[in-house]
There are 2 protein chains.
Amino acid sequence: MPDANPTACLLVIGNEVLSGRTQDANIRFLALGLGQIGIPLREVRVIPDVPETIIDTVNEVRAKFDYVFTTGGIGPTHDDITSECVAAAFGVPWEPHPEAWARMERSYKPGEFNAARQRMATMPRGATLIDNAMSVAPGFQIGNVYVMAGVPRVMQSMFEWLAPRLKGGKPIVSRSVHVSGLAEGIIAAPLGEVQAKYPDLDIGSYPFYRPIGNGVAIVAKGTEPARAEAAIDEVSAIITGFGKVPVPGEPEQ
Amino acid sequence: MPDANPTACLLVIGNEVLSGRTQDANIRFLALGLGQIGIPLREVRVIPDVPETIIDTVNEVRAKFDYVFTTGGIGPTHDDITSECVAAAFGVPWEPHPEAWARMERSYKPGEFNAARQRMATMPRGATLIDNAMSVAPGFQIGNVYVMAGVPRVMQSMFEWLAPRLKGGKPIVSRSVHVSGLAEGIIAAPLGEVQAKYPDLDIGSYPFYRPIGNGVAIVAKGTEPARAEAAIDEVSAIITGFGKVPVPGEPEQ
């Protein structure tokens with residue numbers, strides 16, 4: 001799909017996803033949320049809590065994509081190093097953010113806003129805050145990099161605050177059809193012709209295996225609903241031509 | 001954690017994960033499976049079905065990591081381009097693989113081994129096959145790049161075949177403890193001291209939010225079980241020192 005829309009890259013920062021300790025839940029949420037505001041996600045990198053890796057990756061992808069979102073590594077513990085690494089990537093000091101500091105100091109009992117928690121109010125110079133309804137610790141933006149929490153419900157709250165403030169493009173819409181008892185290998189050739197005819201769409205073919213039967217789901221995504229519908233209509237006609245029944249939408253899970 | 005073990009990078013290839021259509025299920029499976037054979041996963045990239053992106057990324061990461069695993073894009077349809085892109089990355093012809101071709105030709109009825117399916121038996125010159133119990137279409141290896149299916153149960157079957165054939169290192173072991181009613185921000189400082197004392201381990205701190213209460217789980221990972229146990233014993237003592245009860249293992253989901 002040609003990128004008239006702005007593009008996004010997501011950095012999932014944390015050893016816990018790479019070790020398999022944690023099943024990632026942020027990629028899909030952000031992929032869908034960004035698609036809805038017309039900022040399609042074009043790459044995801046899952047990287048460890050290693051300073052050089054974080055710094056180098058931030059610098060590579062912020063030059064390459066319009067938006068960079070990060071999740072993870074902004075808590076109070078030793079393995080939370082995203083914030084200082086982003087400062088290093090931008091070559092700016094990492095210093096107390098007055099508003100974040102004031103908010104956090106207010107929210108703790110006297111003596112409990114300790115050095116570890118103060119790190120959560122320490123940010124790259126020039127950062128602006130990303131609020132959230134779940135936690136007093138904010139995320140932040142610097143340049144085209146948006147730094148969010150890794151805990152899904154906190155990240156989601158940050159993204160809900162952020163989404164209407166981002167300059168997006170045309171929402172990505174999706175149309176789909178599926179069929180049981182027809183193999184991908186049979187419809188591959190005519191399907192390729194539909195893709196060639198609709199270069200503005202991403203047409204994907206996804207086999208499924210269900211107790212009720214195997215089959216394939218065809219999904220067309222793009223920014224023009226009428227185009228996606230027209231492409232799926234053509235795919236439905238192909239399915240009918242093979243003597244099978246096209247069923248609108250994706251198969252039930 | 002120092003990498004005496006060989007390292008791995010996973011490329012998840014496919015628009016469906018980037019669009020949010022599909023919840024990835026391969027990262028965690030491979031992270032755990034690779035950890036068990038001592039080939040820790042050090043980076044994951046999710047990339048779209050775009051030839052230049054696949055070719056450039058394969059070439060970048062195969063130089064950087066000991067092992068590269070890919071999932072997705074080896075089916076029969078127009079969006080399945082991983083195989084020819086890997087051939088291009090290695091600068092070798094993409095041509096029928098005699099054994100894969102023979103196996104697939106045998107498995108289809110006369111006339112059904114069509115051009116689309118023949119693409120699944122077409123591989124970079126020099127590739128060796130990765131078998132699986134789920135499907136007649138094999139994955140393949142070329143150099144340090146292992147190309148597998150994207151459908152989780154097929155990928156898992158390929159990895160089960162592959163794992164005992166890979167030259168791994170010491171298995172990654174994990175020990176953990178959790179506590180309710182104690183905040184990360186309170187134990188962050190002493191926890192950082194434990195990490196500093198055990199530089200051979202990855203010690204992670206993960207807050208949790210459960211109906212029964214909030215708390216934090218501490219996980220130590222490394223190649224020496226006794227070291228991970230000793231570190232977790234120290235963390236347990238820290239928790240006890242704050243008047244709380246350390247509970248072995250991770251919190252129940």
# chains A, B, ... in the order shown; residues from 1 in each chain; ligands from 1
call {"tool": "select_by_dssp", "arguments": {"residues": "range 82-242 of chain A", "states": "strand (DSSP E or B)", "output": "ChimeraX atom specification"}}
result
/A:94-96,122-124,128-130,139-142,145-148,173-180,202-210,213-222
call {"tool": "residues_around", "arguments": {"residues": "range 193-204 of chain A", "least_positions_apart": "3", "cutoff": "9 Å", "atoms": "only C-alpha atoms", "output": "number ranges by chain"}}
result
A: 1-2, 188-190, 217-224, 227-228, 231-232, 234-235; B: 15-16, 77-79
call {"tool": "write_last_selection", "arguments": {"atoms": "N, CA and C atoms", "output": "JSON list (two decimals), in the first residue's frame"}}
result
[["chain", "number", "residue", "atom", "x", "y", "z"],
["A", 1, "MET", "N", 0.86, -1.20, 0.00],
["A", 1, "MET", "CA", 0.00, 0.00, 0.00],
["A", 1, "MET", "C", 0.89, 1.24, 0.00],
["A", 2, "PRO", "N", 0.69, 2.15, -0.92],
["A", 2, "PRO", "CA", 1.51, 3.37, -0.91],
["A", 2, "PRO", "C", 1.24, 4.17, 0.36],
["A", 188, "ALA", "N", -5.00, -18.95, -5.39],
["A", 188, "ALA", "CA", -3.84, -18.05, -5.34],
["A", 188, "ALA", "C", -3.70, -17.21, -6.63],
["A", 189, "ALA", "N", -3.84, -17.87, -7.78],
["A", 189, "ALA", "CA", -3.59, -17.14, -9.04],
["A", 189, "ALA", "C", -4.62, -16.04, -9.27],
["A", 190, "PRO", "N", -5.93, -16.34, -9.23],
["A", 190, "PRO", "CA", -6.89, -15.24, -9.42],
["A", 190, "PRO", "C", -6.81, -14.18, -8.32],
["A", 217, "ALA", "N", -9.34, -17.09, 4.69],
["A", 217, "ALA", "CA", -9.94, -15.76, 4.83],
["A", 217, "ALA", "C", -9.14, -14.79, 3.98],
["A", 218, "ILE", "N", -9.86, -13.94, 3.27],
["A", 218, "ILE", "CA", -9.21, -12.92, 2.44],
["A", 218, "ILE", "C", -9.57, -11.56, 3.02],
["A", 219, "VAL", "N", -8.55, -10.74, 3.28],
["A", 219, "VAL", "CA", -8.76, -9.45, 3.91],
["A", 219, "VAL", "C", -8.17, -8.37, 3.00],
["A", 220, "ALA", "N", -8.97, -7.34, 2.72],
["A", 220, "ALA", "CA", -8.50, -6.19, 1.94],
["A", 220, "ALA", "C", -8.47, -4.98, 2.85],
["A", 221, "LYS", "N", -7.30, -4.32, 2.91],
["A", 221, "LYS", "CA", -7.17, -3.14, 3.75],
["A", 221, "LYS", "C", -6.68, -1.96, 2.93],
["A", 222, "GLY", "N", -7.21, -0.81, 3.24],
["A", 222, "GLY", "CA", -6.79, 0.40, 2.55],
["A", 222, "GLY", "C", -7.52, 1.59, 3.13],
["A", 223, "THR", "N", -7.39, 2.73, 2.48],
["A", 223, "THR", "CA", -8.00, 3.93, 3.03],
["A", 223, "THR", "C", -9.33, 4.26, 2.35],
["A", 224, "GLU", "N", -9.69, 3.53, 1.28],
["A", 224, "GLU", "CA", -10.93, 3.82, 0.56],
["A", 224, "GLU", "C", -11.89, 2.64, 0.73],
["A", 227, "ARG", "N", -13.14, 0.91, -2.43],
["A", 227, "ARG", "CA", -12.14, 0.08, -3.11],
["A", 227, "ARG", "C", -12.02, -1.28, -2.41],
["A", 228, "ALA", "N", -11.96, -1.26, -1.09],
["A", 228, "ALA", "CA", -11.84, -2.52, -0.34],
["A", 228, "ALA", "C", -13.07, -3.39, -0.59],
["A", 231, "ALA", "N", -12.91, -4.89, -4.13],
["A", 231, "ALA", "CA", -11.93, -5.99, -4.21],
["A", 231, "ALA", "C", -12.51, -7.26, -3.58],
["A", 232, "ILE", "N", -13.15, -7.10, -2.44],
["A", 232, "ILE", "CA", -13.72, -8.28, -1.77],
["A", 232, "ILE", "C", -14.89, -8.83, -2.60],
["A", 234, "GLU", "N", -14.94, -8.92, -5.80],
["A", 234, "GLU", "CA", -14.29, -9.72, -6.85],
["A", 234, "GLU", "C", -13.80, -11.05, -6.29],
["A", 235, "VAL", "N", -13.28, -11.02, -5.07],
["A", 235, "VAL", "CA", -12.82, -12.26, -4.45],
["A", 235, "VAL", "C", -14.01, -13.19, -4.21],
["B", 15, "ASN", "N", 2.04, -8.54, 6.85],
["B", 15, "ASN", "CA", 1.21, -7.37, 7.11],
["B", 15, "ASN", "C", 0.17, -7.61, 8.20],
["B", 16, "GLU", "N", -0.23, -8.89, 8.37],
["B", 16, "GLU", "CA", -1.36, -9.17, 9.26],
["B", 16, "GLU", "C", -1.05, -8.86, 10.72],
["B", 77, "THR", "N", 0.32, -17.79, -1.90],
["B", 77, "THR", "CA", -0.35, -16.62, -2.48],
["B", 77, "THR", "C", 0.61, -15.46, -2.76],
["B", 78, "HIS", "N", 0.07, -14.44, -3.42],
["B", 78, "HIS", "CA", 0.88, -13.31, -3.89],
["B", 78, "HIS", "C", 1.61, -12.59, -2.76],
["B", 79, "ASP", "N", 1.05, -12.66, -1.53],
["B", 79, "ASP", "CA", 1.69, -11.97, -0.41],
["B", 79, "ASP", "C", 2.74, -12.85, 0.29]]
call {"tool": "closest_residue", "arguments": {"among": "B:Pro76, B:Arg103, B:Gly35, B:Gly143", "to": "Ala115 in chain B", "atoms": "only C-alpha atoms"}}
result
B:Pro76
call {"tool": "atom_distance", "arguments": {"atom1": "CA of Pro98 in chain B", "atom2": "CA of Ala121 in chain B"}}
result
8.0 Å
call {"tool": "interface_residues", "arguments": {"of": "chain B", "to": "chain A", "cutoff": "6 Å", "atoms": "only C-alpha atoms", "output": "VMD selection string"}}
result
chain B and resid 18 to 20 23 28 31 to 32 41 43 to 47 76 to 78 116 to 117 185 188 192
call {"tool": "write_last_selection", "arguments": {"atoms": "N, CA and C atoms", "output": "short mmCIF file (atom, residue, chain, number, x, y, z; two decimals), in the first residue's frame"}}
result
data_model
loop_
_atom_site.label_atom_id
_atom_site.label_comp_id
_atom_site.auth_asym_id
_atom_site.auth_seq_id
_atom_site.Cartn_x
_atom_site.Cartn_y
_atom_site.Cartn_z
N LEU B 18 1.20 -6.43 11.63
CA LEU B 18 1.35 -4.97 11.65
C LEU B 18 0.01 -4.25 11.55
N SER B 19 -0.97 -4.88 10.93
CA SER B 19 -2.28 -4.24 10.80
C SER B 19 -3.15 -4.52 12.02
N GLY B 20 -2.73 -5.44 12.86
CA GLY B 20 -3.54 -5.82 14.01
C GLY B 20 -4.57 -6.89 13.68
N GLN B 23 -3.24 -11.50 16.15
CA GLN B 23 -2.46 -11.44 17.39
C GLN B 23 -1.29 -12.41 17.26
N ARG B 28 6.37 -15.50 21.57
CA ARG B 28 6.55 -16.10 22.90
C ARG B 28 6.95 -17.58 22.80
N ALA B 31 10.56 -17.64 21.82
CA ALA B 31 11.38 -17.10 22.92
C ALA B 31 11.62 -18.19 23.97
N LEU B 32 10.56 -18.87 24.34
CA LEU B 32 10.69 -19.93 25.36
C LEU B 32 11.47 -21.11 24.81
N LEU B 41 16.81 -15.32 22.56
CA LEU B 41 16.28 -14.40 21.56
C LEU B 41 16.67 -12.99 21.98
N GLU B 43 16.44 -10.13 19.71
CA GLU B 43 15.68 -9.09 19.02
C GLU B 43 14.60 -9.73 18.18
N VAL B 44 13.48 -9.03 18.05
CA VAL B 44 12.41 -9.45 17.15
C VAL B 44 12.10 -8.26 16.26
N ARG B 45 11.90 -8.52 14.99
CA ARG B 45 11.38 -7.46 14.12
C ARG B 45 10.14 -7.98 13.41
N VAL B 46 9.10 -7.19 13.45
CA VAL B 46 7.90 -7.49 12.68
C VAL B 46 7.94 -6.58 11.46
N ILE B 47 7.98 -7.18 10.29
CA ILE B 47 8.14 -6.39 9.06
C ILE B 47 7.07 -6.76 8.04
N PRO B 76 1.31 -20.10 -0.66
CA PRO B 76 1.22 -20.08 -2.12
C PRO B 76 0.71 -18.76 -2.73
N THR B 77 0.32 -17.79 -1.90
CA THR B 77 -0.35 -16.62 -2.48
C THR B 77 0.61 -15.46 -2.76
N HIS B 78 0.07 -14.44 -3.42
CA HIS B 78 0.88 -13.31 -3.89
C HIS B 78 1.61 -12.59 -2.76
N ALA B 116 0.97 -21.95 -8.23
CA ALA B 116 1.01 -21.32 -6.90
C ALA B 116 1.68 -22.27 -5.90
N ARG B 117 1.29 -23.53 -5.96
CA ARG B 117 1.87 -24.50 -5.01
C ARG B 117 3.32 -24.81 -5.34
N GLY B 185 8.46 0.81 43.49
CA GLY B 185 9.24 1.99 43.85
C GLY B 185 9.90 1.87 45.21
N ALA B 188 12.96 -0.82 44.69
CA ALA B 188 13.81 -0.59 43.52
C ALA B 188 15.29 -0.49 43.88
N GLY B 192 18.15 -3.13 42.74
CA GLY B 192 19.25 -2.73 41.85
C GLY B 192 20.59 -3.23 42.36
#
call {"tool": "atom_distance", "arguments": {"atom1": "CA of Gly126 in chain B", "atom2": "CA of Gln156 in chain B"}}
result
23.7 Å
call {"tool": "residues_around", "arguments": {"residues": "range 88-90 of chain A", "least_positions_apart": "2", "cutoff": "7 Å", "atoms": "only C-alpha atoms", "output": "VMD selection string"}}
result
chain A and resid 55 58 to 59 84 to 86 92
call {"tool": "atom_distance", "arguments": {"atom1": "CA of Gln253 in chain B", "atom2": "CA of Gly72 in chain A"}}
result
20.1 Å
call {"tool": "select_by_dssp", "arguments": {"residues": "range 65-212 of chain A", "states": "helix (DSSP H, G or I)", "output": "ChimeraX atom specification"}}
result
/A:82-90,98-107,115-119,152-165,184-197
